[in-house]
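Since the structure comes first, as structure tokens, the remarks are kept for the end.
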Amino acid sequence: MSGFGESIAQWAGLSSSSAAPPPTPPSDDAPMSPEEIREKRLARMQGGLASSTPTADKGKKAKTRIDFNSPPLGADASMEVDVDNEGGVTPMEGVEETNAEDKNDRKMMASTMPNLGTTQSLPDPPSSTLPAASATMRAISSPTSTMELNSSPSQPKSSPRKSHLMKLKKRDNTMNKVLHLTTMKTKVSSTLVYVEVEVDHDPNDEFLGTVKADIDQKSLQSVIASRLAMGPNDEGLKNTNSKERQAIYYLTGIYDRAGMEAIALKGKSNEDLVLTAMLNEIQDLAVSYCVSSLTVPDLFESAVEAPSQLFACLGNNSNNIASGKEASFLHRVCKELEAEDLEEVVGALLKEGIKNVKHECILDPSFQSSLHACRALTALFSYKPAALVTVKENSFLLPPASSPNANTIVTPDLTGYDVAQQNFMRMMMSMQARHGNAAGGMPPRAYKQRSGPALEKTLLGTFLSLGLPLRDSNFVAQFNNAARRTMVDINNVRSSLRKQNKGVRDSTDALVMSLLKGGAPSRTSVLNVSLADALLVNISATQSYQYRDASKVTSQHALLNITQALLKLSMPFVNDAKKRKLINVGFLSNENAHLGVYTTSGDNKVDRLGGEEAPQSQPTNSSNGDFNFTTQCFFLTARALNLGLFPLTNQLLGVNRHLGHMNYMIRGRGGDATSDPRFQALHSQSLCLEIHVADTDFLRDVVKFYDLVAETIISCDKPTIQAMPEFFVNDICEILLFTTHQGGGVNPDVLKGVSLGNIFNLVVLLLSEEYASTIRNYNLRARLGDILFNVFLPSEFKREDEGRSNSYGDDIPYTVCCDPSNGSPYLLSSKSAQESLAPSLLLLYGQVEHTGPYDKQDYRSRICSLLKYLWNSNEHRAAFAKIASNERSFVEFANGVLNETNQLILVMIDKLPQIKNIQEQMKATTWSTNTQEEQDEVTGRLNEHEREVRSALMLANKTMKMFAFLSTDDKIAELFQGKELSTRLVNVLLYVLTNMLGSKGLDMKVDNPESYNWKPKELLGDLVSILTCFVDSEAIHTAMAQCGYYNDKILHKLLKTTQRLGIKDANDDKLSRLISAVEGARASSLDLEEVFKDPPEEYLDSLVYDLMEDPVILPTSPDYIVDRSTIAQHLLNDPHDPFNRQPLTMDQVKPNTELKGKIEAWKEERI
């Protein structure tokens, strides 16, 4: 300590007759240990307090007489009891006394410091213990100071005595204001407390005569100590508020007020140097008494439980206790404690912090104490050594995974449960003890010491658990009967809860930040150990919420709070282009650096983009200390988002899907979903989830972070990209698809103002042919296509493509899909997209075959829309021309689309009549006579049929439109006329026409057809557009004439129908010309069939038994001869020999020239 502890002894024993003999100061050669210092301080205080026994009768106030012959603090006698050996005086040179008043002031100052003359300075206490306001005193004490002590010359002259008395009055008023004390009974008021300290007139002051000061410099120690000696229930404090009756609160108050008064005086031309010195001494005494109260229990009755008092002041920042950094009361107290008692005091304050966290939900009436505890510790950790002491506490970290304690099971505290519940849980624990953990279970609410629940019991975890627990009854109750309330009411509740939750997050973020600023050891413990451990013990948090093991993972809201804390730490470098460049991707391959968070082996394995071919992470000699803060924070944040945010977004979308289905079923039974208890409970759950994950500001920061993730990936070479965690790309898809999802409760403006250029470039890169074989997760590649559709395809085009005239109200703003540098959509302006995106989408169309049966239809529908948008732009025409030049690739793509379209049409033809039948059944009067079970069975079948039809027709409509615009290109139209595609194309087109315009067409007239994406007029229009592209194609005419679905009436009926409906191209002569050409080809075909009937069997195709034109030999089945067009068509759908299932390609097929010659000769003979 800095030597102010002796003030208590001096206050208690200033009389020479009662003062204890001063101890001999320790020499510089033999410094005392902390234990010796403490013993000496206690002995001195006990001796001083014993000598101050009240002389009054019992029950009356004690009266202490001040003996001015005893040396006060700063004099030589005081230096004799300076336990820290920091006393001493410094002469002041070069100071002139310009008038009698200044001379008198100087005399008075000297009277408080024996052996000092008028040209000497006040003693200079150690700089480490002085507040900012002490600078004034040090300035006038400096040997080189030439500051004049007189008032401004411009002031009007007055008598020295009158001026001096006015100055004395100002000092008294200031002391009263700062200390809230008086030694004069006549001045007692609601703000001034009377202390019986006798202050005599100063015999050295020639102007005062018999006039006495209320509180002078020599009586400061006595006055403050007398006030502290008063108990909380002392009669003299009856008008004082309860806070100020506590010693620590009072000391913080006089420190703060003294500092403000000193600042007000500083620099004034008429500055009262004596008053400035008194204010500085008040601050020094306040710090000293606080330290003594914290280290000496029960020193003062008003300082009982001093750590608790100090903690309360920190939580409220009472009297600016932590304001001012080094000059703050807190920092000065901690500085004095640092030599000996800091760990003990910090430990006591940490216990206070944990004790004050009474509830984690912000809606609980007792939550305010939890928030105060968070703020108190944040203030405490602003003193770096206190933060360092904290992170060394055993309760700060989880036990290491290798520790024997890691697997120790912590049984729950049964306090608060009724007897029956306690008996049940004890029974479960007993069973668990007998059978062990073989079944993988644990007693109810039990957990291991190294686990997610244990994390919430650590010091940092305790505060990161504050907020809005999803299962808290107070939280859920905020949305009771939400379906029956107005949106204004619900939105008000949302806004209020988010505001409160943000306030708590800001407080916990500040707590984390204060620890991180506590120096390198503290930062390492927080970032590289505590937060990394938080991620490691929650690896299984990505599991679906129905399968979360509460004994292993942290509660969802607490894990999200950890995620948000890390994200906030990341935002400074996310928003700084220079700092973004500091990220070192070598962190991922260094096991010692990421501590297993990104391991490539074991149960916690993190899949890489390149799969097993990707480089694996290895232990190295380096550690996380070799990587900068930006790198560490970036990769920990990415992992935290994966574990903490996206399980919740998926849960929200799943709950909303369930809500939609439940609402449909209840309404189908004629019920009201808003009155159904299960629906209400699920609706409340959805709204609670929205509070956490649908906050606009939070999501905007997340999107910005993932733009940085994309930038980091595309800056790497191909092998490094392969080594990137697969979830990086998947989470980019997750956040963008969630923010653009119509059922997520997200404001569509969340992406406004956010640059997505890096994400777009990454999507184009990963979809390119170069990475097609590198990144083999087809579901992930399909989701990249969805990003292009959801985010980067302009909403106006999507509305037009889907046949919507109006916006849904949640369309993505146009600026989001545009490059801010040119204002044009990324899809059109990006050079890399112009070169590779169109062929990449064709490739992706085929790859999504490997996804789920319904998923692939949705994926392909969106790919078709993207292709249409690109086709309509001049920027991509060169890419489509390149596609057409690769004949083999395009034929494979087109054949696959034709096959799928055919299957989709089959679904339509099969399911629409069934839907119509059920609709008529439900409208019949007999429907109400069916039992509920029968009705549910029928509506269940209807739901299944509707889902299949919607999905099938959505894609069928898109593929027909795609064929329509592709056929307008001469080169692509030429490919459609080839033998491999012409027959397939014609078969699909005529099959659709036959069913739509034939007798089955009436069976497909369902109620609300557009709700199933059934748009017959549009479909007929697309068919006409495709057919009229081939009005002059003999190949297509012949294929149509020979098609099994062709009849003389079908095309004429098409012409009449399109004219009646006013369909495009129906009124020109193209369709009529096509019909005439097909009829002519039909006549010729019939003639040839007659001519070439009954050919020799060896001339027939072994697979389809038609007369061959170009026979070929299959090397895998040499005994079978087929036509080239037949095997080519087969291999487009199945790369195997049709006869023995061995792999086969067209390159392996050999022409049978001899047989071909025979067939041609036979034909010539028959003509």
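Identifiers in the structure tokens: chain A, B, ... in order shown; residue index from 1 per chain; ligand index from 1 in order shown.
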Q: For A:Arg669, work out the shell of residues within 10 Å, counting only C-alpha atoms and skipping chain neighbours fewer than 5 positions away, then give it as an NGL selection string.
A: :A and (664 or 932 or 935-936 or 939)
Dump of N, CA, C and O atoms for the selected residues, as an mmCIF file, in the first residue's frame:
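again-v1.cif, written as the output of this step:
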```cif
data_model
loop_
_atom_site.group_PDB
_atom_site.id
_atom_site.type_symbol
_atom_site.label_atom_id
_atom_site.label_comp_id
_atom_site.auth_asym_id
_atom_site.auth_seq_id
_atom_site.Cartn_x
_atom_site.Cartn_y
_atom_site.Cartn_z
ATOM 1 N N TYR A 664 -53.395 -26.875 -42.188
ATOM 2 C CA TYR A 664 -54.123 -27.450 -43.326
ATOM 3 C C TYR A 664 -54.996 -28.617 -42.864
ATOM 4 O O TYR A 664 -56.169 -28.738 -43.273
ATOM 5 N N GLN A 932 -64.506 -39.687 -38.990
ATOM 6 C CA GLN A 932 -63.330 -38.811 -39.002
ATOM 7 C C GLN A 932 -62.117 -39.554 -39.532
ATOM 8 O O GLN A 932 -61.296 -38.996 -40.274
ATOM 9 N N GLN A 935 -62.399 -39.735 -43.308
ATOM 10 C CA GLN A 935 -62.107 -38.430 -43.907
ATOM 11 C C GLN A 935 -60.606 -38.133 -43.870
ATOM 12 O O GLN A 935 -60.037 -37.629 -44.847
ATOM 13 N N ASP A 936 -59.960 -38.442 -42.736
ATOM 14 C CA ASP A 936 -58.512 -38.193 -42.627
ATOM 15 C C ASP A 936 -57.737 -39.031 -43.631
ATOM 16 O O ASP A 936 -56.742 -38.564 -44.207
ATOM 17 N N THR A 939 -58.272 -37.291 -47.102
ATOM 18 C CA THR A 939 -57.543 -36.024 -47.198
ATOM 19 C C THR A 939 -56.035 -36.257 -47.197
ATOM 20 O O THR A 939 -55.281 -35.490 -47.802
#
```
Q.
DSSP on the backbone, alpha helix (DSSP H) only: what residues of stretch 755-836 of chain A does that give? Format it as an MDAnalysis selection string.
A. chainID A and resid 757:767 778:787 795:801 826:829 831:836
Filtering to N, CA and C atoms, could you give me those residues as a compact mmCIF listing (two decimals), in the first residue's frame?
```txt
# COMPACT_ATOMS: atom_id res chain seq x y z
N GLY A 757 -20.58 -9.69 -53.58
CA GLY A 757 -19.75 -10.02 -54.74
C GLY A 757 -18.87 -11.22 -54.52
N ASN A 758 -18.27 -11.34 -53.35
CA ASN A 758 -17.39 -12.48 -53.08
C ASN A 758 -18.17 -13.79 -53.06
N ILE A 759 -19.36 -13.75 -52.50
CA ILE A 759 -20.18 -14.97 -52.47
C ILE A 759 -20.58 -15.38 -53.88
N PHE A 760 -20.96 -14.42 -54.71
CA PHE A 760 -21.33 -14.74 -56.09
C PHE A 760 -20.15 -15.36 -56.83
N ASN A 761 -18.98 -14.77 -56.69
CA ASN A 761 -17.80 -15.30 -57.38
C ASN A 761 -17.45 -16.70 -56.90
N LEU A 762 -17.65 -16.95 -55.61
CA LEU A 762 -17.38 -18.29 -55.09
C LEU A 762 -18.35 -19.31 -55.67
N VAL A 763 -19.63 -18.95 -55.76
CA VAL A 763 -20.62 -19.86 -56.32
C VAL A 763 -20.28 -20.21 -57.76
N VAL A 764 -19.95 -19.19 -58.56
CA VAL A 764 -19.60 -19.43 -59.97
C VAL A 764 -18.37 -20.32 -60.06
N LEU A 765 -17.39 -20.09 -59.20
CA LEU A 765 -16.17 -20.89 -59.22
C LEU A 765 -16.45 -22.35 -58.89
N LEU A 766 -17.21 -22.60 -57.84
CA LEU A 766 -17.44 -23.98 -57.39
C LEU A 766 -18.37 -24.74 -58.33
N LEU A 767 -19.23 -24.03 -59.08
CA LEU A 767 -20.11 -24.71 -60.03
C LEU A 767 -19.41 -24.99 -61.35
N TYR A 778 -23.24 -33.54 -54.12
CA TYR A 778 -24.21 -33.04 -55.10
C TYR A 778 -25.30 -32.20 -54.44
N ASN A 779 -25.65 -32.51 -53.20
CA ASN A 779 -26.64 -31.69 -52.51
C ASN A 779 -26.10 -30.28 -52.28
N LEU A 780 -24.82 -30.19 -51.94
CA LEU A 780 -24.21 -28.88 -51.74
C LEU A 780 -24.14 -28.11 -53.05
N ARG A 781 -23.77 -28.78 -54.13
CA ARG A 781 -23.72 -28.11 -55.43
C ARG A 781 -25.12 -27.65 -55.85
N ALA A 782 -26.12 -28.44 -55.55
CA ALA A 782 -27.50 -28.05 -55.88
C ALA A 782 -27.91 -26.80 -55.11
N ARG A 783 -27.45 -26.69 -53.88
CA ARG A 783 -27.81 -25.52 -53.07
C ARG A 783 -27.10 -24.27 -53.59
N LEU A 784 -25.95 -24.45 -54.20
CA LEU A 784 -25.30 -23.29 -54.82
C LEU A 784 -26.17 -22.73 -55.94
N GLY A 785 -26.81 -23.64 -56.69
CA GLY A 785 -27.75 -23.19 -57.72
C GLY A 785 -28.92 -22.46 -57.11
N ASP A 786 -29.37 -22.92 -55.94
CA ASP A 786 -30.48 -22.25 -55.26
C ASP A 786 -30.10 -20.84 -54.83
N ILE A 787 -28.85 -20.64 -54.44
CA ILE A 787 -28.40 -19.29 -54.07
C ILE A 787 -28.52 -18.36 -55.27
N SER A 795 -35.89 -10.21 -58.74
CA SER A 795 -37.25 -10.59 -58.33
C SER A 795 -38.27 -10.34 -59.43
N GLU A 796 -38.06 -9.28 -60.20
CA GLU A 796 -39.00 -8.95 -61.28
C GLU A 796 -39.07 -10.08 -62.30
N PHE A 797 -37.91 -10.64 -62.63
CA PHE A 797 -37.89 -11.75 -63.58
C PHE A 797 -38.56 -12.98 -62.97
N LYS A 798 -38.31 -13.23 -61.69
CA LYS A 798 -38.92 -14.40 -61.05
C LYS A 798 -40.44 -14.29 -61.06
N ARG A 799 -40.95 -13.10 -60.78
CA ARG A 799 -42.41 -12.92 -60.81
C ARG A 799 -42.96 -13.20 -62.20
N GLU A 800 -42.27 -12.70 -63.21
CA GLU A 800 -42.71 -12.92 -64.59
C GLU A 800 -42.63 -14.39 -64.96
N ASP A 801 -41.54 -15.04 -64.54
CA ASP A 801 -41.34 -16.45 -64.87
C ASP A 801 -42.37 -17.34 -64.19
N TYR A 826 -25.22 -9.18 -61.03
CA TYR A 826 -24.00 -9.98 -61.09
C TYR A 826 -24.10 -11.02 -62.20
N LEU A 827 -25.29 -11.60 -62.39
CA LEU A 827 -25.46 -12.66 -63.39
C LEU A 827 -25.12 -12.18 -64.79
N LEU A 828 -25.27 -10.88 -65.04
CA LEU A 828 -25.01 -10.35 -66.38
C LEU A 828 -23.64 -9.69 -66.49
N SER A 829 -23.19 -9.06 -65.40
CA SER A 829 -21.97 -8.25 -65.49
C SER A 829 -20.70 -9.01 -65.17
N LYS A 831 -17.70 -11.31 -65.50
CA LYS A 831 -16.99 -11.93 -66.63
C LYS A 831 -16.90 -13.44 -66.45
N SER A 832 -16.62 -13.88 -65.24
CA SER A 832 -16.51 -15.32 -65.01
C SER A 832 -17.86 -16.01 -65.23
N ALA A 833 -18.95 -15.34 -64.86
CA ALA A 833 -20.28 -15.91 -65.08
C ALA A 833 -20.59 -15.97 -66.57
N GLN A 834 -20.22 -14.95 -67.32
CA GLN A 834 -20.45 -14.94 -68.77
C GLN A 834 -19.73 -16.09 -69.46
N GLU A 835 -18.58 -16.46 -68.95
CA GLU A 835 -17.79 -17.50 -69.60
C GLU A 835 -18.22 -18.91 -69.22
N SER A 836 -18.60 -19.11 -67.95
CA SER A 836 -18.76 -20.50 -67.50
C SER A 836 -20.11 -20.85 -66.90
```
As a PDB file with N, CA and C atoms, in the first residue's frame, please: the residues near A:Ser555 (cut-off 12 Å, only C-alpha atoms, same-chain neighbours under 4 positions excluded).
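Wrote it out as result_10.pdb, contents follow:
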```pdb
ATOM      1  N   GLU A 360     -31.475 -16.749 -15.219  1.00  0.00           N
ATOM      2  CA  GLU A 360     -30.867 -16.445 -16.507  1.00  0.00           C
ATOM      3  C   GLU A 360     -31.825 -15.785 -17.487  1.00  0.00           C
ATOM      4  N   SER A 451     -18.529 -30.918 -20.327  1.00  0.00           N
ATOM      5  CA  SER A 451     -19.694 -31.081 -21.203  1.00  0.00           C
ATOM      6  C   SER A 451     -20.322 -29.715 -21.430  1.00  0.00           C
ATOM      7  N   GLY A 452     -21.323 -29.698 -22.291  1.00  0.00           N
ATOM      8  CA  GLY A 452     -22.032 -28.460 -22.561  1.00  0.00           C
ATOM      9  C   GLY A 452     -22.716 -27.878 -21.331  1.00  0.00           C
ATOM     10  N   PRO A 453     -23.466 -28.702 -20.563  1.00  0.00           N
ATOM     11  CA  PRO A 453     -24.096 -28.154 -19.350  1.00  0.00           C
ATOM     12  C   PRO A 453     -23.075 -27.653 -18.331  1.00  0.00           C
ATOM     13  N   ALA A 454     -21.926 -28.344 -18.227  1.00  0.00           N
ATOM     14  CA  ALA A 454     -20.890 -27.895 -17.286  1.00  0.00           C
ATOM     15  C   ALA A 454     -20.318 -26.552 -17.718  1.00  0.00           C
ATOM     16  N   LEU A 455     -20.294 -26.315 -19.016  1.00  0.00           N
ATOM     17  CA  LEU A 455     -19.798 -25.031 -19.517  1.00  0.00           C
ATOM     18  C   LEU A 455     -20.616 -23.878 -18.947  1.00  0.00           C
ATOM     19  N   GLU A 456     -21.912 -24.095 -18.789  1.00  0.00           N
ATOM     20  CA  GLU A 456     -22.785 -23.043 -18.273  1.00  0.00           C
ATOM     21  C   GLU A 456     -22.556 -22.776 -16.786  1.00  0.00           C
ATOM     22  N   LYS A 457     -21.796 -23.646 -16.119  1.00  0.00           N
ATOM     23  CA  LYS A 457     -21.492 -23.447 -14.710  1.00  0.00           C
ATOM     24  C   LYS A 457     -20.153 -22.740 -14.507  1.00  0.00           C
ATOM     25  N   GLY A 461     -19.322 -18.935 -18.690  1.00  0.00           N
ATOM     26  CA  GLY A 461     -20.544 -19.583 -19.161  1.00  0.00           C
ATOM     27  C   GLY A 461     -21.775 -19.131 -18.403  1.00  0.00           C
ATOM     28  N   THR A 462     -21.604 -18.828 -17.116  1.00  0.00           N
ATOM     29  CA  THR A 462     -22.735 -18.359 -16.311  1.00  0.00           C
ATOM     30  C   THR A 462     -23.343 -17.096 -16.907  1.00  0.00           C
ATOM     31  N   LEU A 464     -22.757 -15.911 -20.063  1.00  0.00           N
ATOM     32  CA  LEU A 464     -23.158 -16.099 -21.453  1.00  0.00           C
ATOM     33  C   LEU A 464     -24.460 -16.882 -21.566  1.00  0.00           C
ATOM     34  N   SER A 465     -24.959 -17.378 -20.443  1.00  0.00           N
ATOM     35  CA  SER A 465     -26.251 -18.074 -20.438  1.00  0.00           C
ATOM     36  C   SER A 465     -27.416 -17.127 -20.175  1.00  0.00           C
ATOM     37  N   LEU A 466     -27.104 -15.860 -19.910  1.00  0.00           N
ATOM     38  CA  LEU A 466     -28.173 -14.903 -19.640  1.00  0.00           C
ATOM     39  C   LEU A 466     -28.903 -14.544 -20.934  1.00  0.00           C
ATOM     40  N   GLY A 467     -30.184 -14.369 -20.857  1.00  0.00           N
ATOM     41  CA  GLY A 467     -30.945 -13.975 -22.054  1.00  0.00           C
ATOM     42  C   GLY A 467     -32.354 -14.498 -22.039  1.00  0.00           C
ATOM     43  N   LEU A 468     -32.717 -15.202 -23.114  1.00  0.00           N
ATOM     44  CA  LEU A 468     -34.081 -15.702 -23.285  1.00  0.00           C
ATOM     45  C   LEU A 468     -34.040 -17.197 -23.588  1.00  0.00           C
ATOM     46  N   PRO A 469     -33.977 -18.041 -22.546  1.00  0.00           N
ATOM     47  CA  PRO A 469     -33.995 -19.492 -22.778  1.00  0.00           C
ATOM     48  C   PRO A 469     -35.274 -19.910 -23.496  1.00  0.00           C
ATOM     49  N   LEU A 470     -35.123 -20.748 -24.502  1.00  0.00           N
ATOM     50  CA  LEU A 470     -36.273 -21.092 -25.344  1.00  0.00           C
ATOM     51  C   LEU A 470     -37.366 -21.824 -24.587  1.00  0.00           C
ATOM     52  N   ARG A 471     -36.983 -22.530 -23.538  1.00  0.00           N
ATOM     53  CA  ARG A 471     -37.985 -23.298 -22.800  1.00  0.00           C
ATOM     54  C   ARG A 471     -38.490 -22.568 -21.554  1.00  0.00           C
ATOM     55  N   ASP A 472     -38.055 -21.343 -21.358  1.00  0.00           N
ATOM     56  CA  ASP A 472     -38.490 -20.612 -20.172  1.00  0.00           C
ATOM     57  C   ASP A 472     -39.968 -20.265 -20.291  1.00  0.00           C
ATOM     58  N   ALA A 534     -15.706 -24.336 -25.491  1.00  0.00           N
ATOM     59  CA  ALA A 534     -17.156 -24.205 -25.652  1.00  0.00           C
ATOM     60  C   ALA A 534     -17.614 -24.825 -26.968  1.00  0.00           C
ATOM     61  N   VAL A 537     -17.034 -29.017 -26.829  1.00  0.00           N
ATOM     62  CA  VAL A 537     -18.013 -29.809 -26.076  1.00  0.00           C
ATOM     63  C   VAL A 537     -19.402 -29.730 -26.699  1.00  0.00           C
ATOM     64  N   ASN A 538     -19.553 -28.927 -27.736  1.00  0.00           N
ATOM     65  CA  ASN A 538     -20.864 -28.792 -28.393  1.00  0.00           C
ATOM     66  C   ASN A 538     -20.841 -29.256 -29.842  1.00  0.00           C
ATOM     67  N   ALA A 541     -23.994 -30.416 -31.371  1.00  0.00           N
ATOM     68  CA  ALA A 541     -25.128 -29.467 -31.394  1.00  0.00           C
ATOM     69  C   ALA A 541     -25.742 -29.329 -32.771  1.00  0.00           C
ATOM     70  N   TYR A 545     -32.881 -30.792 -33.590  1.00  0.00           N
ATOM     71  CA  TYR A 545     -33.254 -30.436 -32.221  1.00  0.00           C
ATOM     72  C   TYR A 545     -34.011 -31.557 -31.518  1.00  0.00           C
ATOM     73  N   ARG A 548     -31.213 -33.714 -29.791  1.00  0.00           N
ATOM     74  CA  ARG A 548     -30.180 -33.092 -28.958  1.00  0.00           C
ATOM     75  C   ARG A 548     -30.126 -33.786 -27.601  1.00  0.00           C
ATOM     76  N   ASP A 549     -28.931 -34.099 -27.156  1.00  0.00           N
ATOM     77  CA  ASP A 549     -28.729 -34.728 -25.849  1.00  0.00           C
ATOM     78  C   ASP A 549     -28.414 -33.636 -24.841  1.00  0.00           C
ATOM     79  N   ALA A 550     -29.382 -33.340 -23.987  1.00  0.00           N
ATOM     80  CA  ALA A 550     -29.225 -32.236 -23.035  1.00  0.00           C
ATOM     81  C   ALA A 550     -28.103 -32.478 -22.045  1.00  0.00           C
ATOM     82  N   SER A 551     -27.653 -33.726 -21.901  1.00  0.00           N
ATOM     83  CA  SER A 551     -26.558 -34.010 -20.977  1.00  0.00           C
ATOM     84  C   SER A 551     -25.195 -33.756 -21.608  1.00  0.00           C
ATOM     85  N   LEU A 559     -25.538 -21.180 -26.336  1.00  0.00           N
ATOM     86  CA  LEU A 559     -24.607 -21.397 -27.440  1.00  0.00           C
ATOM     87  C   LEU A 559     -24.737 -20.292 -28.479  1.00  0.00           C
ATOM     88  N   LEU A 560     -25.951 -19.818 -28.692  1.00  0.00           N
ATOM     89  CA  LEU A 560     -26.136 -18.696 -29.614  1.00  0.00           C
ATOM     90  C   LEU A 560     -25.491 -17.425 -29.048  1.00  0.00           C
ATOM     91  N   ASN A 561     -25.564 -17.230 -27.730  1.00  0.00           N
ATOM     92  CA  ASN A 561     -24.913 -16.072 -27.119  1.00  0.00           C
ATOM     93  C   ASN A 561     -23.400 -16.126 -27.307  1.00  0.00           C
ATOM     94  N   ILE A 562     -22.826 -17.305 -27.179  1.00  0.00           N
ATOM     95  CA  ILE A 562     -21.391 -17.472 -27.424  1.00  0.00           C
ATOM     96  C   ILE A 562     -21.077 -17.119 -28.871  1.00  0.00           C
ATOM     97  N   LEU A 643     -22.362 -24.230 -35.302  1.00  0.00           N
ATOM     98  CA  LEU A 643     -22.915 -24.985 -34.175  1.00  0.00           C
ATOM     99  C   LEU A 643     -24.060 -24.257 -33.476  1.00  0.00           C
ATOM    100  N   GLY A 644     -23.992 -22.923 -33.448  1.00  0.00           N
ATOM    101  CA  GLY A 644     -24.933 -22.182 -32.632  1.00  0.00           C
ATOM    102  C   GLY A 644     -26.097 -21.550 -33.354  1.00  0.00           C
ATOM    103  N   PRO A 647     -28.417 -24.670 -36.501  1.00  0.00           N
ATOM    104  CA  PRO A 647     -29.413 -25.596 -35.948  1.00  0.00           C
ATOM    105  C   PRO A 647     -30.711 -24.889 -35.561  1.00  0.00           C
ATOM    106  N   LEU A 648     -30.608 -23.641 -35.118  1.00  0.00           N
ATOM    107  CA  LEU A 648     -31.815 -22.898 -34.751  1.00  0.00           C
ATOM    108  C   LEU A 648     -32.597 -22.431 -35.970  1.00  0.00           C
TER     109      LEU A 648
END
```
Q) Between A:Cys817, A:Val1122, A:Leu904, A:Ile583, which is the closest to A:Leu1155 once you count only C-alpha atoms? A)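 Counting only C-alpha atoms, the residue closest to A:Leu1155 is A:Val1122.
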**Q.** Given only C-alpha atoms as the counted atoms, nearest of A:Lys1163, A:Arg227, A:Lys502, A:His372 to A:Phe300
**A.**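 Closest to A:Phe300, using only C-alpha atoms: A:Arg227.
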Q: Excluding A:Thr696 and residues on its chain fewer than 6 positions from it, collect all residues at most 10 Å away from it, counting only C-alpha atoms, and give them as an MDAnalysis selection string.
A: chainID A and resid 702 739 746:751
Q. What is the distance between atom CA of A:Asp509 and atom CA of A:Leu251, in Å to one decimal?
A.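 Pair atom CA of A:Asp509 / atom CA of A:Leu251 returns 29.6 Å.
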Q. Can you tell me, as a PyMOL selection string, what residues are no more than 12 Å from A:Asn575 when counting only C-alpha atoms, ignoring any on the same chain fewer than 2 positions away?
A. chain A and resi 567-573+577-581+701-708+754-755
